[in-house]
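Pasting entry.cif here (mmCIF, C-alpha atoms and all ligand atoms):
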```
data_data
#
loop_
_atom_site.label_atom_id
_atom_site.label_comp_id
_atom_site.auth_asym_id
_atom_site.auth_seq_id
_atom_site.Cartn_x
_atom_site.Cartn_y
_atom_site.Cartn_z
CA MET A 1 0.00 0.00 0.00
CA ASN A 2 1.04 3.61 -0.57
CA SER A 3 0.44 6.67 1.57
CA ALA A 4 0.58 10.39 1.01
CA ILE A 5 1.65 13.13 3.39
CA VAL A 6 0.42 16.62 2.45
CA VAL A 7 2.14 19.39 4.39
CA ALA A 8 -0.20 22.29 5.18
CA ALA A 9 1.36 23.52 8.43
CA GLY A 10 3.36 26.51 7.11
CA LYS A 11 3.10 30.10 8.32
CA ALA A 12 2.68 31.55 4.77
CA SER A 13 4.41 34.80 5.72
CA ARG A 14 4.81 35.91 2.08
CA PHE A 15 1.11 35.39 1.37
CA GLY A 16 -0.37 37.55 4.15
CA GLN A 17 -3.04 35.02 5.23
CA ASP A 18 -3.30 31.25 5.61
CA LYS A 19 -3.00 30.32 1.95
CA MET A 20 -4.27 26.78 2.61
CA LEU A 21 -7.74 28.25 3.04
CA VAL A 22 -7.65 30.88 0.27
CA ASP A 23 -10.57 30.53 -2.16
CA ILE A 24 -9.91 29.06 -5.62
CA ASP A 25 -13.13 29.03 -7.64
CA GLY A 26 -15.31 28.39 -4.62
CA TYR A 27 -13.11 25.85 -2.81
CA PRO A 28 -10.29 26.34 -0.28
CA LEU A 29 -6.81 25.81 -1.79
CA ILE A 30 -6.08 22.71 0.34
CA TYR A 31 -9.33 21.11 -0.85
CA ARG A 32 -8.16 21.56 -4.48
CA THR A 33 -4.73 20.13 -3.63
CA LEU A 34 -6.16 16.93 -2.17
CA GLN A 35 -8.47 16.07 -5.07
CA ALA A 36 -5.69 14.42 -7.15
CA PHE A 37 -4.76 12.24 -4.14
CA ILE A 38 -8.34 11.36 -3.16
CA GLY A 39 -9.04 10.32 -6.76
CA CYS A 40 -5.86 8.20 -7.12
CA ASP A 41 -6.50 4.47 -6.52
CA ALA A 42 -2.78 3.83 -5.90
CA ILE A 43 -2.87 6.07 -2.80
CA HIS A 44 -4.56 4.35 0.13
CA GLU A 45 -4.33 6.98 2.86
CA ILE A 46 -3.66 10.73 2.94
CA ILE A 47 -2.21 12.38 6.03
CA VAL A 48 -2.64 16.15 6.07
CA VAL A 49 -0.23 17.94 8.40
CA VAL A 50 -1.87 21.15 9.64
CA ASN A 51 -1.23 24.00 12.09
CA THR A 52 -3.27 24.97 15.17
CA ASN A 53 -4.99 27.81 13.28
CA ASN A 54 -6.26 25.89 10.25
CA LYS A 55 -6.80 22.49 11.93
CA GLN A 56 -10.49 22.80 12.66
CA ARG A 57 -11.43 24.13 9.21
CA ILE A 58 -9.38 21.46 7.40
CA GLU A 59 -10.90 18.73 9.59
CA GLU A 60 -14.37 19.96 8.61
CA LEU A 61 -13.43 20.00 4.89
CA PHE A 62 -12.47 16.33 4.84
CA SER A 63 -14.75 14.94 7.57
CA ASP A 64 -16.50 12.70 4.99
CA GLU A 65 -13.29 11.41 3.34
CA PRO A 66 -12.35 7.97 4.76
CA LYS A 67 -8.84 8.17 3.21
CA VAL A 68 -7.93 11.48 4.88
CA PHE A 69 -6.35 11.81 8.35
CA ILE A 70 -5.32 15.10 9.99
CA THR A 71 -2.40 15.70 12.34
CA LEU A 72 -0.62 18.74 13.80
CA GLY A 73 2.78 19.71 12.35
CA GLY A 74 5.84 21.20 14.00
CA GLU A 75 8.01 24.30 13.81
CA ASN A 76 9.66 23.43 10.48
CA ARG A 77 9.41 21.15 7.45
CA VAL A 78 11.39 18.29 9.02
CA GLU A 79 9.25 18.29 12.17
CA SER A 80 6.03 18.46 10.16
CA VAL A 81 6.94 15.57 7.85
CA ASN A 82 8.02 13.57 10.91
CA ALA A 83 4.61 14.21 12.46
CA GLY A 84 3.01 12.88 9.27
CA LEU A 85 5.30 9.84 9.15
CA ARG A 86 4.26 8.87 12.68
CA LEU A 87 0.70 8.37 11.40
CA VAL A 88 1.57 6.38 8.27
CA ASN A 89 0.30 2.80 8.23
CA ARG A 90 3.24 0.49 9.05
CA ARG A 91 2.41 -1.71 6.03
CA CYS A 92 3.10 1.20 3.68
CA ASP A 93 5.46 0.52 0.72
CA PHE A 94 5.90 3.97 -0.75
CA VAL A 95 5.08 7.36 0.67
CA VAL A 96 4.41 10.43 -1.46
CA ILE A 97 5.12 13.81 0.16
CA HIS A 98 3.43 16.89 -1.27
CA ASP A 99 3.31 20.62 -0.51
CA GLY A 100 -0.24 21.60 0.48
CA ALA A 101 0.41 24.86 -1.44
CA ARG A 102 0.57 23.10 -4.85
CA PRO A 103 -3.13 22.88 -5.77
CA TYR A 104 -2.54 22.31 -9.50
CA VAL A 105 -0.99 18.85 -9.02
CA THR A 106 -2.49 16.29 -11.42
CA GLN A 107 -3.16 12.57 -11.09
CA ALA A 108 -0.88 12.08 -14.12
CA LEU A 109 2.10 13.56 -12.24
CA LEU A 110 1.23 11.58 -9.11
CA LYS A 111 1.15 8.33 -11.13
CA ARG A 112 4.45 9.25 -12.82
CA VAL A 113 6.35 9.75 -9.53
CA LEU A 114 4.90 6.53 -8.08
CA ASP A 115 5.81 4.48 -11.18
CA VAL A 116 9.37 5.84 -11.36
CA ALA A 117 10.01 5.44 -7.62
CA ILE A 118 8.84 1.81 -7.66
CA LYS A 119 11.17 0.97 -10.59
CA SER A 120 14.10 3.13 -9.45
CA GLY A 121 17.29 1.86 -7.83
CA SER A 122 17.26 4.66 -5.26
CA GLY A 123 13.71 4.00 -4.09
CA CYS A 124 12.64 7.53 -4.82
CA ALA A 125 11.37 9.82 -7.60
CA ILE A 126 11.75 13.60 -7.50
CA PRO A 127 9.87 15.70 -10.08
CA TYR A 128 11.70 18.67 -11.60
CA VAL A 129 11.38 21.31 -14.30
CA TYR A 130 14.10 23.38 -15.96
CA PRO A 131 14.10 27.11 -15.20
CA VAL A 132 12.79 29.30 -18.03
CA ASP A 133 14.59 32.45 -16.88
CA THR A 134 18.23 33.25 -17.57
CA ILE A 135 20.06 32.87 -14.27
CA TYR A 136 23.23 34.65 -13.11
CA MET A 137 25.39 33.55 -10.24
CA GLU A 138 26.90 36.40 -8.25
CA SER A 139 30.59 36.07 -7.60
CA ALA A 140 33.53 38.20 -6.50
CA ASP A 141 34.41 39.10 -10.13
CA GLY A 142 30.86 40.06 -11.13
CA ALA A 143 28.00 37.83 -12.21
CA ASN A 144 28.18 34.83 -14.53
CA VAL A 145 25.40 33.13 -16.44
CA VAL A 146 24.62 29.62 -15.23
CA GLU A 147 23.71 27.10 -17.94
CA ARG A 148 19.95 26.63 -17.58
CA GLU A 149 20.22 22.93 -18.50
CA SER A 150 22.43 22.35 -15.49
CA LEU A 151 19.75 23.65 -13.10
CA MET A 152 16.70 21.73 -11.93
CA ARG A 153 13.75 23.24 -10.07
CA VAL A 154 12.50 20.52 -7.78
CA GLN A 155 8.77 20.14 -7.13
CA THR A 156 6.50 17.88 -5.12
CA PRO A 157 4.90 15.27 -5.02
CA GLN A 158 8.11 13.38 -4.23
CA CYS A 159 7.87 9.63 -3.74
CA PHE A 160 10.07 7.56 -1.40
CA ASP A 161 10.51 4.02 -0.14
CA TYR A 162 8.74 4.25 3.22
CA GLN A 163 11.23 2.30 5.35
CA LYS A 164 14.24 4.14 3.89
CA LEU A 165 12.56 7.53 4.31
CA CYS A 166 11.78 6.83 7.98
CA ILE A 167 15.48 6.15 8.64
CA ALA A 168 16.53 9.29 6.75
CA TYR A 169 14.06 11.42 8.66
CA TYR A 170 15.00 9.88 12.00
CA ASN A 171 18.62 10.88 11.36
CA ALA A 172 17.65 14.33 10.08
CA MET A 173 15.64 15.25 13.19
CA ARG A 174 17.80 18.22 14.12
CA ALA A 175 18.67 19.43 10.62
CA SER A 176 16.82 22.24 8.86
CA TYR A 177 16.15 20.92 5.35
CA THR A 178 13.50 22.68 3.26
CA ASP A 179 12.87 19.75 0.95
CA ASP A 180 12.37 16.02 1.48
CA SER A 181 14.73 15.06 -1.36
CA GLN A 182 17.56 16.74 0.61
CA VAL A 183 16.77 14.60 3.64
CA TYR A 184 16.79 11.41 1.54
CA ARG A 185 19.96 12.41 -0.31
CA SER A 186 21.81 13.17 2.96
CA GLU A 187 21.22 9.53 3.95
CA TYR A 188 21.57 7.63 0.66
CA GLY A 189 23.50 9.96 -1.68
CA LYS A 190 21.53 9.10 -4.81
CA LEU A 191 18.21 10.41 -6.15
CA ASP A 192 16.13 9.48 -9.20
CA PHE A 193 14.39 12.31 -11.02
CA VAL A 194 11.23 12.43 -13.10
CA GLU A 195 9.80 15.11 -15.39
CA GLY A 196 7.64 17.51 -13.37
CA ASP A 197 4.82 19.77 -14.52
CA PRO A 198 5.31 23.52 -15.14
CA ASN A 199 1.68 24.14 -14.09
CA ASN A 200 2.30 22.53 -10.71
CA VAL A 201 3.30 25.84 -9.12
CA LYS A 202 3.74 26.41 -5.41
CA VAL A 203 1.35 29.17 -4.43
CA THR A 204 3.52 31.77 -2.72
CA TYR A 205 1.95 35.13 -3.59
CA PRO A 206 -1.76 35.98 -4.00
CA SER A 207 -1.17 36.47 -7.76
CA ASP A 208 -0.20 32.77 -8.05
CA VAL A 209 -3.85 31.84 -7.57
CA LYS A 210 -5.60 31.78 -10.93
CA SER A 211 -9.35 31.99 -10.74
CA ILE A 212 -11.28 32.48 -13.99
CA ARG A 213 -14.98 33.25 -14.11
CA ILE A 214 -17.43 34.01 -16.88
CA GLY A 215 -20.27 36.53 -16.65
CA ASN A 216 -23.37 37.11 -18.73
CA GLY A 217 -25.34 40.28 -19.49
CA VAL A 218 -28.49 40.98 -21.52
CA ASP A 219 -30.29 44.27 -22.14
CA SER A 220 -32.81 45.86 -24.46
CA HIS A 221 -34.14 49.39 -24.99
CA ARG A 222 -36.98 50.89 -26.97
CA LEU A 223 -36.26 53.04 -30.07
CA VAL A 224 -37.98 56.47 -30.02
CA ALA A 225 -37.81 59.78 -31.88
CA GLY A 226 -35.90 62.73 -30.41
CA ARG A 227 -33.05 60.73 -28.84
CA ASP A 228 -29.45 60.10 -29.98
CA LEU A 229 -28.58 56.53 -30.86
CA ILE A 230 -25.47 55.65 -28.81
CA LEU A 231 -24.01 52.15 -29.07
CA GLY A 232 -20.71 51.18 -27.50
CA GLY A 233 -20.04 54.86 -26.79
CA VAL A 234 -20.36 55.71 -30.52
CA LYS A 235 -23.02 58.09 -31.82
CA ILE A 236 -24.71 56.49 -34.82
CA PRO A 237 -26.64 58.62 -37.35
CA TYR A 238 -30.28 57.43 -37.32
CA GLU A 239 -33.70 59.05 -37.08
CA LEU A 240 -34.45 57.26 -33.78
CA GLY A 241 -32.53 56.80 -30.56
CA LEU A 242 -32.78 54.50 -27.53
CA LEU A 243 -35.02 55.48 -24.63
CA GLY A 244 -33.68 55.24 -21.10
CA HIS A 245 -32.73 57.00 -17.89
CA SER A 246 -29.08 57.24 -18.97
CA ASP A 247 -28.01 57.56 -22.61
CA ALA A 248 -29.51 54.03 -22.97
CA ASP A 249 -26.38 52.56 -24.56
CA VAL A 250 -27.72 49.03 -24.65
CA LEU A 251 -24.34 47.53 -25.63
CA VAL A 252 -22.48 49.11 -22.71
CA HIS A 253 -25.30 48.11 -20.36
CA ALA A 254 -25.07 44.43 -21.37
CA VAL A 255 -21.27 44.57 -21.14
CA MET A 256 -21.41 46.11 -17.64
CA ASP A 257 -23.79 43.39 -16.43
CA ALA A 258 -21.51 40.71 -17.91
CA ILE A 259 -18.46 42.21 -16.17
CA LEU A 260 -20.27 42.59 -12.83
CA SER A 261 -21.55 39.03 -13.07
CA ALA A 262 -18.03 37.72 -13.79
CA VAL A 263 -16.67 39.36 -10.62
CA GLY A 264 -19.61 38.28 -8.46
CA GLU A 265 -21.34 41.66 -8.12
CA ARG A 266 -25.00 42.63 -8.48
CA ASP A 267 -26.29 44.11 -11.76
CA ILE A 268 -26.37 47.74 -12.92
CA GLY A 269 -30.03 48.11 -11.94
CA VAL A 270 -28.89 47.68 -8.32
CA LEU A 271 -25.68 49.70 -8.67
CA PHE A 272 -27.09 52.62 -10.68
CA PRO A 273 -30.86 52.75 -10.01
CA ASP A 274 -32.90 54.56 -12.69
CA THR A 275 -34.65 56.47 -9.89
CA ASP A 276 -31.38 58.23 -8.99
CA PRO A 277 -31.22 61.70 -10.59
CA GLN A 278 -27.40 61.65 -10.73
CA TYR A 279 -27.62 59.04 -13.51
CA LYS A 280 -30.14 60.99 -15.64
CA ASP A 281 -28.84 61.13 -19.25
CA ILE A 282 -25.37 60.13 -18.03
CA SER A 283 -23.00 58.61 -20.58
CA SER A 284 -22.98 54.87 -20.03
CA LEU A 285 -19.20 54.97 -20.49
CA ALA A 286 -19.02 56.96 -17.22
CA LEU A 287 -20.94 54.13 -15.55
CA LEU A 288 -18.61 51.59 -17.16
CA ARG A 289 -15.64 53.45 -15.64
CA LYS A 290 -17.29 53.11 -12.21
CA VAL A 291 -17.80 49.39 -12.86
CA MET A 292 -14.11 49.02 -13.72
CA LYS A 293 -13.22 50.71 -10.39
CA THR A 294 -15.33 48.06 -8.62
CA VAL A 295 -13.52 45.31 -10.55
CA GLN A 296 -10.16 46.78 -9.54
CA ALA A 297 -11.18 47.16 -5.90
CA LYS A 298 -12.02 43.44 -5.82
CA GLY A 299 -8.54 42.61 -7.12
CA ARG A 300 -10.04 41.10 -10.29
CA SER A 301 -9.24 41.90 -13.91
CA VAL A 302 -11.23 41.60 -17.12
CA LYS A 303 -9.58 39.35 -19.72
CA SER A 304 -12.04 39.58 -22.59
CA VAL A 305 -15.47 40.87 -23.56
CA SER A 306 -17.71 39.61 -26.35
CA ALA A 307 -21.09 41.07 -27.33
CA VAL A 308 -23.82 40.58 -29.94
CA ILE A 309 -26.15 43.45 -30.81
CA VAL A 310 -29.58 42.38 -32.05
CA CYS A 311 -30.90 45.17 -34.27
CA GLU A 312 -32.98 45.33 -37.47
CA LYS A 313 -32.06 48.90 -38.44
CA PRO A 314 -29.76 50.82 -38.88
CA LYS A 315 -26.88 48.75 -40.29
CA LEU A 316 -24.09 48.82 -37.74
CA SER A 317 -21.13 47.03 -39.33
CA GLU A 318 -19.15 50.18 -40.26
CA TYR A 319 -19.32 51.48 -36.65
CA ILE A 320 -18.22 48.26 -34.95
CA PRO A 321 -14.42 48.89 -35.10
CA GLN A 322 -15.03 52.25 -33.34
CA MET A 323 -17.18 50.58 -30.67
CA CYS A 324 -14.48 47.94 -30.09
CA ALA A 325 -11.81 50.65 -29.73
CA CYS A 326 -13.98 52.57 -27.27
CA LEU A 327 -14.72 49.52 -25.08
CA SER A 328 -11.10 48.37 -25.24
CA SER A 329 -9.88 51.69 -23.85
CA VAL A 330 -12.47 52.01 -21.07
CA VAL A 331 -12.35 48.36 -19.98
CA GLY A 332 -8.56 48.39 -20.23
CA VAL A 333 -8.09 45.26 -22.37
CA PRO A 334 -6.31 44.93 -25.72
CA LEU A 335 -8.40 45.52 -28.83
CA SER A 336 -7.98 41.84 -29.75
CA CYS A 337 -9.84 40.91 -26.54
CA VAL A 338 -13.00 42.83 -27.40
CA SER A 339 -15.36 41.41 -30.00
CA ILE A 340 -18.67 42.88 -31.07
CA SER A 341 -20.97 41.47 -33.69
CA ALA A 342 -24.41 42.49 -34.92
CA THR A 343 -27.33 40.44 -36.12
CA THR A 344 -31.01 40.87 -37.00
CA THR A 345 -34.03 38.73 -36.18
CA GLU A 346 -34.97 38.71 -39.89
CA GLY A 347 -37.96 40.87 -39.22
CA MET A 348 -39.44 38.66 -36.53
CA GLY A 349 -40.76 39.97 -33.24
CA ILE A 350 -40.47 43.35 -31.53
CA ILE A 351 -36.80 43.85 -32.43
CA GLY A 352 -37.50 42.71 -35.99
CA ASN A 353 -40.20 45.34 -36.45
CA GLY A 354 -37.81 48.05 -35.29
CA GLU A 355 -39.33 48.77 -31.86
CA GLY A 356 -36.03 48.43 -30.07
CA ILE A 357 -32.48 47.10 -29.90
CA GLY A 358 -31.21 44.25 -27.74
CA CYS A 359 -27.75 43.11 -26.75
CA MET A 360 -26.11 40.06 -25.14
CA ALA A 361 -22.61 40.07 -23.72
CA VAL A 362 -20.20 37.76 -21.97
CA CYS A 363 -17.07 38.62 -20.04
CA LEU A 364 -14.14 36.55 -18.84
CA ALA A 365 -12.52 37.82 -15.65
CA GLU A 366 -9.57 36.60 -13.61
MG MG A 401 -30.28 49.15 -19.99
#
```
This structure in structure tokens:
Amino acid sequence: MNSAIVVAAGKASRFGQDKMLVDIDGYPLIYRTLQAFIGCDAIHEIIVVVNTNNKQRIEELFSDEPKVFITLGGENRVESVNAGLRLVNRRCDFVVIHDGARPYVTQALLKRVLDVAIKSGSGCAIPYVYPVDTIYMESADGANVVERESLMRVQTPQCFDYQKLCIAYYNAMRASYTDDSQVYRSEYGKLDFVEGDPNNVKVTYPSDVKSIRIGNGVDSHRLVAGRDLILGGVKIPYELGLLGHSDADVLVHAVMDAILSAVGERDIGVLFPDTDPQYKDISSLALLRKVMKTVQAKGRSVKSVSAVIVCEKPKLSEYIPQMCACLSSVVGVPLSCVSISATTTEGMGIIGNGEGIGCMAVCLAE
């Protein structure tokens, strides 16, 4: 049988909060990390090493998982892994040690380290990737470039022969290693390596957490005489214009609702009520700027916007590049990330008979 030890006991001083519990698309980071292990048939038990602050929450998260056991860690990596090893089933053949802060670990990588460790002469498998940056080594006579191919960035999960690892850790009790492969190497000298996964990053800073969400927005306004027709911030020559409390820019309204939805906020009807005199005849682009401030304040950013205008008349195609440029500048995304198209309903229904214009939009936010 094989066991896993997932270390989630760190202080996370560079992150500013307990990163094990930070939200990634609706689930705490540590919950994401464990999914590859829970789903792997070759792993029979998972020991999560926690700290006194996150213990209760992590216990609650996995209370229904028969494979998961929780234990308190120590002051440093060596102490925490030792605490995990004390709980490992004595019949264990191989033990996989993983950083709790690597939530993007895949079952494929887990299988790879297990397979290589089982076949290896050293009884271990250490995943690595080559650095992509050019690296200099500082020295007394300046700085010299280090050959990238001679450097290996070591990741987890690392897999070890259980009996051999216990001996190595027993002897390393008072040392301050930051990585389990160092402990194993100090005892046995030799390591076997396996190709890692560049996506398997160790979350260290808040920006390492990638969370992508989509948002939807729909709007429609009636066409009337005596109003300007404004779409996407562009004034379009036509005998009718859209009726509304603001300038009734139906495209910008749908886009704003899509953006707000993608960042988990309420819609523009709640944010900018049409009973509020300060929004009377206001340019919808001014409202869009306010929406972008909200996005910023939430630490989110818009990646792309796509909209479809549903309109029988007038023909809009020649104005679309201008609308895209306008949205791109206000939303703050490259022109290539804004797409606007226009369609008709072929004369059917209230839009088809020219009573109004509708718009649908989607937004991708990170
Ligand atoms: Mg509207």
> Can you tell me which residues sit at most 9 Å away from ligand MG 401 (chain A), counting all atoms listed in the file, written as a PyMOL selection string?
Replying inline: chain A and resi 218-221+244-246+248-254+268-269
Which residues come within 7 Å of Thr343 (chain A), counting all atoms listed in the file, excluding same-chain residues fewer than 2 positions away, as a PDB file with C-alpha atoms, keeping the file's coordinate frame?
```pdb
ATOM      1  CA  ILE A 309     -26.150  43.450 -30.810  1.00  0.00           C
ATOM      2  CA  VAL A 310     -29.580  42.380 -32.050  1.00  0.00           C
ATOM      3  CA  CYS A 311     -30.900  45.170 -34.270  1.00  0.00           C
ATOM      4  CA  SER A 341     -20.970  41.470 -33.690  1.00  0.00           C
ATOM      5  CA  THR A 345     -34.030  38.730 -36.180  1.00  0.00           C
TER       6      THR A 345
END
```
Pairwise distance, CA of Gly332 (chain A) with CA of Ser284 (chain A), equals 15.8 Å
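In this structure, CA of Ser339 (chain A) sits 12.0 Å away from CA of Lys303 (chain A).
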List every protein, DNA or RNA residue that has an atom no more than 12 Å from (-10.0, 27.1, -3.0) in the file's coordinate frame, counting all atoms listed in the file, and report them as a compact mmCIF listing (two decimals) with C-alpha atoms, in the coordinates of the input.
```
# COMPACT_ATOMS: atom_id res chain seq x y z
CA ASP A 18 -3.30 31.25 5.61
CA LYS A 19 -3.00 30.32 1.95
CA MET A 20 -4.27 26.78 2.61
CA LEU A 21 -7.74 28.25 3.04
CA VAL A 22 -7.65 30.88 0.27
CA ASP A 23 -10.57 30.53 -2.16
CA ILE A 24 -9.91 29.06 -5.62
CA ASP A 25 -13.13 29.03 -7.64
CA GLY A 26 -15.31 28.39 -4.62
CA TYR A 27 -13.11 25.85 -2.81
CA PRO A 28 -10.29 26.34 -0.28
CA LEU A 29 -6.81 25.81 -1.79
CA ILE A 30 -6.08 22.71 0.34
CA TYR A 31 -9.33 21.11 -0.85
CA ARG A 32 -8.16 21.56 -4.48
CA THR A 33 -4.73 20.13 -3.63
CA LEU A 34 -6.16 16.93 -2.17
CA GLN A 35 -8.47 16.07 -5.07
CA ILE A 58 -9.38 21.46 7.40
CA LEU A 61 -13.43 20.00 4.89
CA GLY A 100 -0.24 21.60 0.48
CA ALA A 101 0.41 24.86 -1.44
CA ARG A 102 0.57 23.10 -4.85
CA PRO A 103 -3.13 22.88 -5.77
CA TYR A 104 -2.54 22.31 -9.50
CA VAL A 203 1.35 29.17 -4.43
CA VAL A 209 -3.85 31.84 -7.57
CA LYS A 210 -5.60 31.78 -10.93
CA SER A 211 -9.35 31.99 -10.74
```
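Comparing the minimum interatomic distances between Gln322 (chain A) and each of A:Leu191, A:Ile350, A:Val291, A:Ile230, counting only C-alpha atoms, we find that A:Ile230 sits nearest.
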* Work out how far apart CA of Ala168 (chain A) and CA of Val105 (chain A) are and give it in Å to one decimal. =>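 CA of Val105 (chain A) lies 25.4 Å from CA of Ala168 (chain A).
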Practice item. Would you list the contacts of Val183 (chain A) as a list in words, taking every protein, DNA or RNA residue within 9 Å and counting all atoms listed in the file, but skipping same-chain residues closer than 5 positions in sequence? Key: Val78, Leu165, Ala168, Tyr169, Asn171, Ala172, Ala175, Tyr177, Thr178 and Tyr188 of chain A
Give me a file of those residues, with C-alpha atoms, as an mmCIF file, in the frame of the given file.
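Saved the output as part_13.cif:
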```cif
data_model
loop_
_atom_site.group_PDB
_atom_site.id
_atom_site.type_symbol
_atom_site.label_atom_id
_atom_site.label_comp_id
_atom_site.auth_asym_id
_atom_site.auth_seq_id
_atom_site.Cartn_x
_atom_site.Cartn_y
_atom_site.Cartn_z
ATOM 1 C CA VAL A 78 11.390 18.290 9.020
ATOM 2 C CA LEU A 165 12.560 7.530 4.310
ATOM 3 C CA ALA A 168 16.530 9.290 6.750
ATOM 4 C CA TYR A 169 14.060 11.420 8.660
ATOM 5 C CA ASN A 171 18.620 10.880 11.360
ATOM 6 C CA ALA A 172 17.650 14.330 10.080
ATOM 7 C CA ALA A 175 18.670 19.430 10.620
ATOM 8 C CA TYR A 177 16.150 20.920 5.350
ATOM 9 C CA THR A 178 13.500 22.680 3.260
ATOM 10 C CA TYR A 188 21.570 7.630 0.660
#
```
- Nearby residues (all atoms listed in the file) at most 12 Å from region 79-86 of chain A, same-chain spacing under 3 positions excluded, as a ChimeraX atom specification: /A:3-10,45-51,68-76,89-90,92,94-100,160,162-180,183
Write out as AutoDock Vina command-line options an axis-aligned box for region 161-165 of chain A: all of its atoms listed in the file, 8 Å added on each side, centre and edge lengths in Å with one decimal.
```
--center_x 11.5 --center_y 4.9 --center_z 2.6 --size_x 21.5 --size_y 21.2 --size_z 21.5
```
The residue from A:Met137, A:Asn54, A:Ala42, A:Pro206 with the smallest atom-to-atom distance to Asp115 (chain A), counting only C-alpha atoms, is A:Ala42
